[in-house]
>>> print(open('run11.txt').read())   # compact mmCIF, C-alpha atoms
# COMPACT_ATOMS: atom_id res chain seq x y z
CA MET A 218 0.00 0.00 0.00
CA LYS A 219 0.98 3.63 -0.46
CA LYS A 220 2.97 4.72 2.58
CA ILE A 221 3.61 8.23 3.90
CA TYR A 222 6.95 7.15 5.35
CA LEU A 223 8.45 6.46 1.88
CA HIS A 224 9.13 10.20 1.50
CA VAL A 225 11.32 10.20 4.60
CA LEU A 226 12.98 6.88 3.75
CA PHE A 227 13.99 8.10 0.29
CA MET A 228 15.45 11.29 1.78
CA TYR A 229 17.27 9.31 4.45
CA PHE A 230 18.85 6.75 2.14
CA GLY A 231 19.57 9.49 -0.37
CA ILE A 232 21.66 11.19 2.29
CA LEU A 233 23.18 7.86 3.32
CA SER A 234 24.40 7.14 -0.21
CA THR A 235 26.30 10.45 -0.50
CA TYR A 236 28.77 9.94 2.32
CA ALA A 237 32.38 9.44 1.24
CA GLN A 238 35.44 10.50 3.17
CA THR A 239 38.12 10.65 0.50
CA LYS A 240 38.89 13.40 -1.98
CA PRO A 241 38.05 12.67 -5.64
CA GLU A 242 41.17 11.77 -7.58
CA PRO A 243 41.44 10.59 -11.17
CA ALA A 244 41.63 6.81 -11.38
CA LYS A 245 44.79 5.41 -12.93
CA ALA A 246 44.68 1.98 -14.47
CA ASP A 247 47.59 -0.35 -13.80
CA SER A 248 48.01 -2.25 -17.06
CA SER A 249 50.70 -4.47 -15.56
CA LYS A 250 48.32 -5.87 -12.94
CA TYR A 251 46.69 -9.18 -13.80
CA GLN A 252 42.91 -8.97 -14.00
CA SER A 253 41.12 -12.19 -13.09
CA ARG A 254 38.52 -13.43 -15.58
CA LYS A 255 36.75 -15.45 -12.93
CA LEU A 256 33.57 -14.12 -11.34
CA LYS A 257 34.44 -12.88 -7.85
CA ILE A 258 32.55 -11.24 -5.00
CA ASP A 259 33.58 -7.61 -4.54
CA GLU A 260 31.40 -6.71 -1.57
CA ILE A 261 28.20 -7.48 0.32
CA ASN A 262 26.09 -4.81 2.00
CA LEU A 263 23.47 -5.42 4.66
CA VAL A 264 21.20 -2.53 5.67
CA SER A 265 18.49 -2.71 8.32
CA ALA A 266 16.33 0.28 9.23
CA TYR A 267 13.51 0.85 11.69
CA TYR A 268 11.08 3.71 11.07
CA HIS A 269 8.25 4.99 13.28
CA GLN A 270 5.89 7.92 12.74
CA ASN A 271 2.89 9.54 14.37
CA GLY A 272 0.49 12.33 13.44
CA ASN A 273 -3.19 13.21 13.21
CA ASN A 274 -3.88 13.84 9.50
CA SER A 275 -4.52 10.41 8.01
CA ALA A 276 -5.57 10.55 4.35
CA VAL A 277 -7.43 7.25 4.75
CA THR A 278 -9.98 8.95 6.99
CA GLY A 279 -10.17 12.23 5.07
CA GLY A 280 -7.29 14.20 6.59
CA ILE A 281 -8.03 13.48 10.25
CA GLY A 282 -7.16 10.54 12.47
CA THR A 283 -4.02 8.67 13.42
CA GLU A 284 -1.00 8.41 11.16
CA LYS A 285 0.77 5.97 13.45
CA LEU A 286 2.98 3.63 11.44
CA SER A 287 6.04 1.43 11.97
CA ASP A 288 8.26 -0.11 9.32
CA PHE A 289 11.16 -2.55 9.51
CA ALA A 290 13.17 -2.55 6.26
CA ASN A 291 16.00 -4.89 5.31
CA THR A 292 18.10 -4.97 2.15
CA ILE A 293 21.05 -7.09 1.08
CA ASP A 294 23.08 -6.40 -2.04
CA LEU A 295 25.74 -8.62 -3.53
CA GLN A 296 28.26 -7.10 -5.96
CA MET A 297 30.29 -9.41 -8.19
CA SER A 298 32.62 -8.71 -11.11
CA LYS A 299 34.81 -10.30 -13.76
CA PHE A 300 36.99 -9.10 -16.63
CA ASN A 301 36.49 -10.28 -20.19
CA LYS A 302 39.21 -11.15 -22.71
CA ARG A 303 39.50 -7.51 -23.77
CA GLY A 304 40.14 -6.33 -20.23
CA LYS A 305 36.72 -4.73 -19.79
CA LYS A 306 34.95 -5.13 -16.45
CA ASN A 307 31.49 -6.64 -16.03
CA THR A 308 29.84 -5.88 -12.68
CA PHE A 309 26.70 -7.62 -11.42
CA LEU A 310 24.74 -6.13 -8.53
CA PHE A 311 21.91 -8.17 -7.03
CA GLU A 312 19.71 -6.54 -4.40
CA LEU A 313 16.89 -7.99 -2.36
CA GLY A 314 14.72 -5.87 -0.09
CA VAL A 315 12.01 -6.89 2.36
CA ASP A 316 9.91 -4.31 4.24
CA HIS A 317 7.28 -5.13 6.84
CA TYR A 318 5.03 -2.39 8.18
CA THR A 319 2.07 -1.93 10.50
CA SER A 320 -0.28 1.00 9.98
CA ALA A 321 -3.17 2.04 12.20
CA SER A 322 -4.76 4.14 9.43
CA SER A 323 -4.76 1.26 6.91
CA ASP A 324 -7.07 -0.66 9.22
CA LYS A 325 -9.65 2.14 8.80
CA ILE A 326 -10.24 1.23 5.14
CA ASP A 327 -12.58 -1.50 6.36
CA PRO A 328 -12.82 -1.47 10.18
CA SER A 329 -15.25 -4.41 10.18
CA THR A 330 -12.80 -6.96 8.80
CA ILE A 331 -9.12 -7.53 8.19
CA SER A 332 -9.65 -9.80 5.22
CA SER A 333 -9.28 -7.07 2.58
CA ALA A 334 -7.22 -4.24 4.05
CA SER A 335 -5.08 -5.38 6.91
CA SER A 336 -3.17 -3.08 9.24
CA ALA A 337 0.06 -4.89 8.31
CA ASP A 338 1.74 -5.73 5.01
CA THR A 339 5.04 -6.93 3.56
CA ARG A 340 6.79 -5.62 0.47
CA ILE A 341 9.41 -7.69 -1.40
CA TYR A 342 11.56 -6.07 -4.10
CA PRO A 343 14.48 -7.82 -5.85
CA SER A 344 16.58 -6.17 -8.59
CA LEU A 345 19.57 -7.07 -10.77
CA ASN A 346 21.99 -4.65 -12.47
CA TRP A 347 24.68 -5.41 -15.04
CA THR A 348 27.29 -2.72 -15.82
CA HIS A 349 30.02 -2.93 -18.48
CA SER A 350 32.92 -0.57 -17.81
CA ASN A 351 36.32 0.45 -19.12
CA GLU A 352 38.71 0.83 -16.19
CA GLU A 353 41.10 3.04 -18.17
CA THR A 354 38.60 5.63 -19.37
CA GLY A 355 36.02 5.29 -16.58
CA ASN A 356 33.21 5.03 -19.14
CA SER A 357 30.42 2.52 -18.53
CA PHE A 358 26.88 1.49 -19.41
CA GLY A 359 24.44 -0.96 -17.90
CA PHE A 360 20.91 -2.28 -17.49
CA THR A 361 18.70 -2.96 -14.47
CA GLY A 362 15.63 -5.13 -14.03
CA SER A 363 13.45 -4.99 -10.91
CA TYR A 364 10.24 -6.33 -9.41
CA SER A 365 8.19 -5.32 -6.40
CA THR A 366 5.11 -6.82 -4.82
CA GLU A 367 2.83 -6.26 -1.86
CA PHE A 368 -0.87 -6.70 -1.07
CA ASP A 369 -2.35 -4.18 -3.48
CA TYR A 370 0.23 -3.72 -6.23
CA GLN A 371 2.85 -5.37 -8.38
CA SER A 372 5.56 -3.48 -10.24
CA LEU A 373 7.97 -4.35 -13.06
CA GLY A 374 10.92 -2.03 -13.61
CA ALA A 375 13.66 -1.58 -16.19
CA ALA A 376 16.49 0.94 -16.42
CA PHE A 377 19.48 1.93 -18.57
CA ASN A 378 22.50 3.79 -17.18
CA LEU A 379 25.40 5.47 -18.94
CA THR A 380 28.55 7.18 -17.59
CA ARG A 381 31.09 9.20 -19.58
CA LEU A 382 34.26 10.85 -18.24
CA SER A 383 36.52 13.44 -19.82
CA LYS A 384 40.11 12.50 -20.65
CA ASP A 385 41.43 14.21 -17.51
CA LYS A 386 38.56 12.60 -15.49
CA ASN A 387 37.60 15.96 -14.01
CA THR A 388 34.21 16.02 -15.76
CA GLN A 389 31.65 13.24 -15.47
CA PHE A 390 28.29 12.89 -17.23
CA ASP A 391 25.71 10.37 -15.99
CA PHE A 392 22.50 9.49 -17.76
CA LYS A 393 19.73 7.13 -16.65
CA LEU A 394 16.37 6.07 -18.08
CA GLN A 395 13.82 4.23 -15.93
CA ALA A 396 10.38 2.74 -16.48
CA PHE A 397 8.04 1.19 -13.91
CA LEU A 398 4.90 -0.62 -15.04
CA ASP A 399 2.62 -0.99 -12.02
CA GLN A 400 -0.68 -2.74 -11.51
CA TRP A 401 -2.80 -1.37 -8.66
CA THR A 402 -5.59 -3.19 -6.88
CA VAL A 403 -8.47 -0.71 -6.67
CA ILE A 404 -9.64 -0.81 -3.05
CA LEU A 405 -12.43 1.55 -2.00
CA PRO A 406 -13.40 2.51 1.57
CA ILE A 407 -15.94 0.03 2.89
CA GLU A 408 -18.89 2.46 2.76
CA LEU A 409 -18.31 3.20 -0.96
CA ARG A 410 -18.29 -0.40 -2.19
CA THR A 411 -21.29 -1.48 -4.25
CA GLY A 412 -23.15 -4.55 -3.11
CA ASN A 413 -21.73 -4.38 0.41
CA THR A 414 -23.89 -6.53 2.69
CA GLY A 415 -21.56 -6.68 5.66
CA GLY A 416 -20.76 -10.33 5.01
CA ARG A 417 -17.38 -12.01 5.44
CA LYS A 418 -16.98 -13.59 2.00
CA GLU A 419 -13.72 -13.08 0.10
CA GLU A 420 -13.70 -9.65 -1.58
CA GLN A 421 -12.94 -9.29 -5.31
CA TYR A 422 -11.25 -6.12 -6.55
CA ASP A 423 -10.67 -4.50 -9.92
CA THR A 424 -7.14 -3.56 -11.01
CA ALA A 425 -5.78 -0.49 -12.79
CA PRO A 426 -2.39 0.38 -14.34
CA ARG A 427 0.01 3.11 -13.29
CA ASN A 428 3.10 3.61 -15.45
CA SER A 429 6.05 5.82 -14.52
CA PHE A 430 8.86 6.97 -16.81
CA SER A 431 11.82 9.08 -15.73
CA ALA A 432 15.21 10.30 -16.89
CA SER A 433 18.20 11.56 -14.94
CA PHE A 434 20.93 13.84 -16.27
CA SER A 435 23.90 14.62 -14.04
CA LEU A 436 26.98 16.69 -14.87
CA ALA A 437 29.74 16.66 -12.24
CA GLN A 438 32.82 18.87 -12.40
CA VAL A 439 35.98 18.89 -10.28
CA ILE A 440 36.67 22.63 -9.96
CA ASN A 441 39.95 22.20 -8.11
CA GLN A 442 41.52 19.82 -5.61
CA LYS A 443 39.12 20.90 -2.84
CA PHE A 444 35.91 21.85 -4.62
CA GLN A 445 33.53 19.89 -6.84
CA ALA A 446 29.98 20.55 -8.05
CA SER A 447 27.26 18.72 -9.94
CA LEU A 448 24.04 19.73 -11.67
CA ILE A 449 21.16 17.22 -11.67
CA LEU A 450 18.00 17.22 -13.80
CA GLU A 451 15.37 14.48 -13.27
CA PRO A 452 12.19 14.89 -15.38
CA SER A 453 9.48 12.24 -15.02
CA TYR A 454 6.01 11.38 -16.30
CA GLN A 455 3.26 9.23 -14.78
CA LYS A 456 0.06 7.96 -16.36
CA GLY A 457 -2.73 5.77 -14.98
CA LEU A 458 -4.34 5.50 -11.58
CA LEU A 459 -2.49 8.17 -9.59
CA ALA A 460 -5.12 8.59 -6.87
CA THR A 461 -5.18 6.27 -3.86
CA LYS A 462 -8.80 5.12 -4.01
CA TYR A 463 -9.08 3.90 -0.40
CA GLN A 464 -8.42 7.47 0.82
CA ARG A 465 -11.62 9.32 1.69
CA ASP A 466 -12.56 12.92 0.93
CA TYR A 467 -15.35 14.80 2.75
CA PHE A 468 -17.26 17.70 1.20
CA THR A 469 -18.99 20.82 2.48
CA ASP A 470 -22.42 19.23 1.89
CA GLY A 471 -21.51 16.26 4.10
CA SER A 472 -20.99 13.82 1.23
CA LEU A 473 -18.11 11.35 0.95
CA ARG A 474 -16.11 10.23 -2.09
CA ALA A 475 -12.90 8.33 -2.84
CA GLU A 476 -9.83 10.43 -3.65
CA THR A 477 -9.78 11.51 -7.31
CA LEU A 478 -6.74 13.01 -9.06
CA PRO A 479 -5.70 13.53 -12.70
CA ASP A 480 -4.41 10.45 -14.52
CA LYS A 481 -1.29 12.28 -15.79
CA ARG A 482 1.51 13.93 -13.85
CA TYR A 483 4.71 15.66 -14.98
CA LYS A 484 7.51 16.29 -12.49
CA LEU A 485 10.69 18.33 -12.86
CA PRO A 486 13.26 18.40 -10.02
CA ILE A 487 16.45 20.42 -10.62
CA GLY A 488 19.31 19.99 -8.15
CA LEU A 489 22.74 21.47 -7.45
CA ARG A 490 25.26 19.68 -5.24
CA MET A 491 28.51 21.29 -4.06
CA ASN A 492 31.20 19.60 -1.97
CA TYR A 493 34.14 21.37 -0.40
CA PHE A 494 37.02 19.42 1.16
CA LEU A 495 38.12 21.82 3.86
CA ASP A 496 41.07 19.66 4.92
CA ASP A 497 41.82 16.01 5.63
CA ARG A 498 39.27 15.99 8.48
CA PHE A 499 36.30 18.10 7.35
CA VAL A 500 34.07 17.92 4.30
CA ILE A 501 31.27 20.42 3.68
CA ARG A 502 28.48 19.02 1.51
CA THR A 503 25.60 21.18 0.34
CA PHE A 504 22.58 20.38 -1.81
CA TYR A 505 19.71 22.43 -3.19
CA ARG A 506 16.71 21.20 -5.19
CA TYR A 507 13.80 22.97 -6.82
CA TYR A 508 10.73 20.86 -7.63
CA MET A 509 7.69 21.59 -9.77
CA ASP A 510 4.86 19.56 -11.30
CA ASN A 511 1.67 20.13 -13.30
CA TRP A 512 -0.50 19.59 -10.19
CA GLY A 513 0.69 22.95 -8.89
CA ILE A 514 3.23 21.71 -6.31
CA ARG A 515 6.36 23.82 -5.91
CA ALA A 516 9.09 22.98 -3.41
CA HIS A 517 12.52 24.16 -2.28
CA THR A 518 14.85 21.76 -0.47
CA ALA A 519 18.20 22.67 1.09
CA GLU A 520 20.59 20.26 2.77
CA LEU A 521 23.85 20.58 4.69
CA GLU A 522 26.03 17.73 5.88
CA ILE A 523 29.50 17.92 7.44
CA PRO A 524 31.34 14.61 7.76
CA VAL A 525 34.09 14.91 10.38
CA LYS A 526 36.98 12.47 10.24
CA ILE A 527 38.08 11.74 13.82
CA ASN A 528 40.91 9.46 12.73
CA SER A 529 41.81 7.29 9.75
CA PHE A 530 38.95 4.83 10.35
CA PHE A 531 36.30 6.64 12.44
CA SER A 532 34.05 9.54 11.39
CA ILE A 533 30.88 11.37 12.47
CA SER A 534 28.45 12.82 9.93
CA PRO A 535 25.78 15.29 11.14
CA PHE A 536 23.22 16.46 8.58
CA TYR A 537 20.21 18.79 8.27
CA ARG A 538 17.58 19.13 5.53
CA TYR A 539 14.88 21.80 5.20
CA ASN A 540 11.93 21.63 2.83
CA ASN A 541 9.31 24.25 1.95
CA GLN A 542 6.40 23.10 -0.20
CA VAL A 543 3.45 24.85 -1.83
CA GLY A 544 0.70 22.26 -2.08
CA THR A 545 -1.39 21.10 -5.00
CA ARG A 546 -4.51 23.04 -5.99
CA TYR A 547 -6.51 19.82 -5.50
CA PHE A 548 -5.89 19.70 -1.73
CA ALA A 549 -8.35 20.75 0.96
CA PRO A 550 -8.63 19.73 4.65
CA TYR A 551 -11.35 17.56 6.09
CA GLY A 552 -14.87 18.64 5.05
CA GLN A 553 -13.73 21.64 2.97
CA HIS A 554 -13.95 20.28 -0.58
CA LEU A 555 -16.68 21.75 -2.76
CA PRO A 556 -19.11 19.25 -4.35
CA SER A 557 -18.43 20.79 -7.79
CA GLU A 558 -14.71 19.95 -7.74
CA GLN A 559 -13.47 17.49 -10.37
CA TYR A 560 -10.27 16.48 -8.51
CA PHE A 561 -9.82 16.34 -4.76
CA THR A 562 -7.50 15.02 -2.06
CA SER A 563 -7.02 15.47 1.68
CA ASP A 564 -3.59 13.82 1.66
CA TYR A 565 -1.30 16.14 3.64
CA ASP A 566 1.72 14.88 1.70
CA LEU A 567 0.33 17.05 -1.12
CA SER A 568 -0.47 20.09 1.06
CA THR A 569 1.42 23.30 1.74
CA LEU A 570 3.98 22.49 4.44
CA THR A 571 7.48 22.94 5.80
CA SER A 572 9.63 20.14 7.21
CA ASP A 573 12.93 19.58 9.02
CA PHE A 574 15.02 16.43 8.90
CA TYR A 575 18.19 16.17 10.94
CA GLY A 576 20.42 13.56 12.50
CA ALA A 577 23.89 12.07 12.46
CA GLY A 578 25.78 8.93 11.64
CA ILE A 579 28.92 7.24 12.86
CA ARG A 580 31.14 5.29 10.49
CA PHE A 581 33.70 2.74 11.64
CA ALA A 582 36.09 1.19 9.07
CA PRO A 583 39.33 -0.05 10.73
CA PRO A 584 42.08 -1.49 8.49
CA LYS A 585 42.00 -4.85 10.31
CA GLY A 586 38.21 -5.11 10.07
CA VAL A 587 35.40 -4.29 12.47
CA PHE A 588 35.89 -6.06 15.83
CA GLY A 589 38.99 -7.67 14.31
CA TRP A 590 36.97 -9.48 11.64
CA GLN A 591 38.84 -8.76 8.39
CA ARG A 592 35.87 -9.46 6.13
CA LEU A 593 33.63 -6.96 7.94
CA ASN A 594 35.03 -3.87 6.27
CA MET A 595 32.67 -1.15 7.56
CA LEU A 596 29.95 -0.52 10.13
CA GLU A 597 27.71 2.54 9.99
CA LEU A 598 24.98 3.48 12.43
CA ARG A 599 22.67 6.40 11.61
CA TYR A 600 19.75 8.21 13.22
CA GLY A 601 17.36 10.80 11.76
CA HIS A 602 14.43 12.80 13.15
CA TYR A 603 11.75 14.25 10.85
CA SER A 604 9.08 16.80 11.70
CA ARG A 605 6.76 18.90 9.60
CA SER A 606 4.28 21.71 10.06
CA THR A 607 1.28 19.36 9.68
CA SER A 608 2.27 17.81 13.08
CA LEU A 609 3.69 14.61 11.57
CA VAL A 610 6.84 13.44 13.40
CA SER A 611 9.01 10.40 12.76
CA ASN A 612 12.27 8.77 13.72
CA ILE A 613 14.48 6.37 11.80
CA VAL A 614 17.57 4.40 12.78
CA SER A 615 19.64 2.23 10.45
CA LEU A 616 22.59 -0.13 10.57
CA ASN A 617 24.80 -0.70 7.52
CA LEU A 618 27.35 -3.52 7.40
CA LYS A 619 29.79 -3.90 4.49
CA PHE A 620 31.68 -7.12 3.84
CA LYS A 621 34.59 -7.25 1.38
>>> encode(input="run11.txt", output="structure tokens")
Amino acid sequence: MKKIYLHVLFMYFGILSTYAQTKPEPAKADSSKYQSRKLKIDEINLVSAYYHQNGNNSAVTGGIGTEKLSDFANTIDLQMSKFNKRGKKNTFLFELGVDHYTSASSDKIDPSTISSASSADTRIYPSLNWTHSNEETGNSFGFTGSYSTEFDYQSLGAAFNLTRLSKDKNTQFDFKLQAFLDQWTVILPIELRTGNTGGRKEEQYDTAPRNSFSASFSLAQVINQKFQASLILEPSYQKGLLATKYQRDYFTDGSLRAETLPDKRYKLPIGLRMNYFLDDRFVIRTFYRYYMDNWGIRAHTAELEIPVKINSFFSISPFYRYNNQVGTRYFAPYGQHLPSEQYFTSDYDLSTLTSDFYGAGIRFAPPKGVFGWQRLNMLELRYGHYSRSTSLVSNIVSLNLKFK
């Protein structure tokens, strides 16, 4: 099911993926070194995260009611590689994710039974990426296939990625195309279902498609030894069932309908990232993003993170992110929609709001391995706190283990 916490999780793991402690230096290939043609394991990453939120603006019950939710997410990725006869590298990345969540608001879809809309669900999402790269030039291309399933939707995904570096390796261009073909199960609130007799027989639901297509263009430039910047453009297009039909909307005349939104959506985020390596101990990372879409949402996001290297294998990384959003023209609070409106939602994720997200992480990567175990290359523990002007608050903690 659609989950409010995904917004925070994506922000959190987006921040998590940006942390690196070393200065960018051009890679130099060693042609004298023998490259094995056998498939070998490069690294294994295990990430576990626990997320909990609370609030009083549930979209399931029309913009009022509990938003209490807990999620336990686990992912494992296995990276393997081998060189072909021409000395080109083939990398295979397999990832498997399993999320299990409990949601008090989901149980309000049909309070009389748990047979159709339970307060708990599990999402499983495997993916496989193949990348072909030239170690000397740094150029690469690859393909990704993915699948995701939970109670009310299944998703098939495909992606193409391309990387090109300049001869001096100070300029890098990344391009990515993605497509997700989803199939939603159309679940209505219990009081809006036709033929409802209050019985306990197995419910049958219709399905509807939702297709998403996106591109990503990134241009990164090393300005000098201490400063680098990148410009990111990520246009996307969605078509199909974009409303969450089990979310209720209440009108000024006392009537009730299921959420209704346009079946097309264009999004355009534009981002600028700048990193400054103050010295061997401090890195200043900044990020700004402007977002706009054809539903009328406009948003500004600013982020600051300062990894501090305590010694050669231990670091602390505090971060802060601020977001200011102008909501969609289709939003109205509980009971304030006009009966004449064509599109309507009381989902506060789409409302005008401000939010703060801050926290810190500790990273431990000793040369002899974590706790003396050579294979356990890195341990990272992170915590983040999220709050927004709609009264939603959440906390997330994660553990990342890297084996090499």
>>> atom_distance(input="run11.txt", atom1="atom CA of A:Ala376", atom2="atom CA of A:Gln395")
4.3 Å
>>> atom_distance(input="run11.txt", atom1="atom CA of A:Asp385", atom2="atom CA of A:Tyr493")
19.9 Å
>>> atom_distance(input="run11.txt", atom1="atom CA of A:Gln270", atom2="atom CA of A:Asn540")
18.0 Å
>>> residues_around(input="run11.txt", residues="A:Arg340", least_positions_apart="6", cutoff="6 Å", atoms="only C-alpha atoms", output="NGL selection string")
:A and (315-316 or 366-367)
>>> residues_around(input="run11.txt", residues="stretch 521-538 of chain A", least_positions_apart="6", cutoff="7 Å", atoms="all atoms listed in the file", output="list in words")
Arg498, Phe499, Val500, Ile501, Arg502, Thr503, Phe504, Asp573, Phe574, Tyr575, Gly576, Ala577, Gly578, Ile579, Arg580, Phe581, Ala582 and Pro583 of chain A
>>> write_last_selection(input="run11.txt", atoms="C-alpha atoms", output="PDB file, keeping the file's coordinate frame")
ATOM      1  CA  ARG A 498      39.270  15.990   8.480  1.00  0.00           C
ATOM      2  CA  PHE A 499      36.300  18.100   7.350  1.00  0.00           C
ATOM      3  CA  VAL A 500      34.070  17.920   4.300  1.00  0.00           C
ATOM      4  CA  ILE A 501      31.270  20.420   3.680  1.00  0.00           C
ATOM      5  CA  ARG A 502      28.480  19.020   1.510  1.00  0.00           C
ATOM      6  CA  THR A 503      25.600  21.180   0.340  1.00  0.00           C
ATOM      7  CA  PHE A 504      22.580  20.380  -1.810  1.00  0.00           C
ATOM      8  CA  ASP A 573      12.930  19.580   9.020  1.00  0.00           C
ATOM      9  CA  PHE A 574      15.020  16.430   8.900  1.00  0.00           C
ATOM     10  CA  TYR A 575      18.190  16.170  10.940  1.00  0.00           C
ATOM     11  CA  GLY A 576      20.420  13.560  12.500  1.00  0.00           C
ATOM     12  CA  ALA A 577      23.890  12.070  12.460  1.00  0.00           C
ATOM     13  CA  GLY A 578      25.780   8.930  11.640  1.00  0.00           C
ATOM     14  CA  ILE A 579      28.920   7.240  12.860  1.00  0.00           C
ATOM     15  CA  ARG A 580      31.140   5.290  10.490  1.00  0.00           C
ATOM     16  CA  PHE A 581      33.700   2.740  11.640  1.00  0.00           C
ATOM     17  CA  ALA A 582      36.090   1.190   9.070  1.00  0.00           C
ATOM     18  CA  PRO A 583      39.330  -0.050  10.730  1.00  0.00           C
TER      19      PRO A 583
END
>>> closest_residue(input="run11.txt", among="A:Arg490, A:Ala321, A:Phe548, A:Ser615", to="A:Gly282", atoms="only C-alpha atoms")
A:Ala321
>>> residues_around(input="run11.txt", residues="A:Ser472", least_positions_apart="3", cutoff="12 Å", atoms="all atoms listed in the file", output="ChimeraX atom specification")
/A:279,408-409,465-469,475,551-557
>>> closest_residue(input="run11.txt", among="A:Trp347, A:Tyr560, A:Tyr463, A:Phe390", to="A:Ala375", atoms="all atoms listed in the file")
A:Trp347
>>> residues_around(input="run11.txt", residues="A:Phe289", least_positions_apart="2", cutoff="7 Å", atoms="only C-alpha atoms", output="number ranges by chain")
A: 266-268, 287, 291, 316-318
>>> write_last_selection(input="run11.txt", atoms="C-alpha atoms", output="compact mmCIF listing (two decimals), in the frame of the given file")
# COMPACT_ATOMS: atom_id res chain seq x y z
CA ALA A 266 16.33 0.28 9.23
CA TYR A 267 13.51 0.85 11.69
CA TYR A 268 11.08 3.71 11.07
CA SER A 287 6.04 1.43 11.97
CA ASN A 291 16.00 -4.89 5.31
CA ASP A 316 9.91 -4.31 4.24
CA HIS A 317 7.28 -5.13 6.84
CA TYR A 318 5.03 -2.39 8.18
>>> closest_residue(input="run11.txt", among="A:Ala437, A:Leu373, A:Leu567, A:Ala519", to="A:Asn274", atoms="only C-alpha atoms")
A:Leu567
>>> closest_residue(input="run11.txt", among="A:Thr388, A:Val439, A:Gly457, A:Gly304", to="A:Trp401", atoms="all atoms listed in the file")
A:Gly457
>>> closest_residue(input="run11.txt", among="A:Ser336, A:Gln438, A:Thr278, A:Thr292", to="A:Leu616", atoms="all atoms listed in the file")
A:Thr292
>>> closest_residue(input="run11.txt", among="A:Lys443, A:Lys386, A:Lys462, A:Arg482", to="A:Asn428", atoms="all atoms listed in the file")
A:Arg482
>>> residues_near_point(input="run11.txt", point="(25.9, 7.6, -20.2)", cutoff="6 Å", atoms="all atoms listed in the file", output="list in words")
Asn378, Leu379, Thr380, Arg381, Asp391 and Phe392 of chain A
>>> residues_around(input="run11.txt", residues="A:Gly544", least_positions_apart="6", cutoff="8 Å", atoms="only C-alpha atoms", output="PyMOL selection string")
chain A and resi 513-515+567-570
>>> axis_aligned_box(input="run11.txt", around="stretch 370-389 of chain A", padding_each_side="3 Å", output="JSON")
{"center_x": 20.8, "center_y": 5.3, "center_z": -13.4, "size_x": 47.2, "size_y": 27.4, "size_z": 20.4}
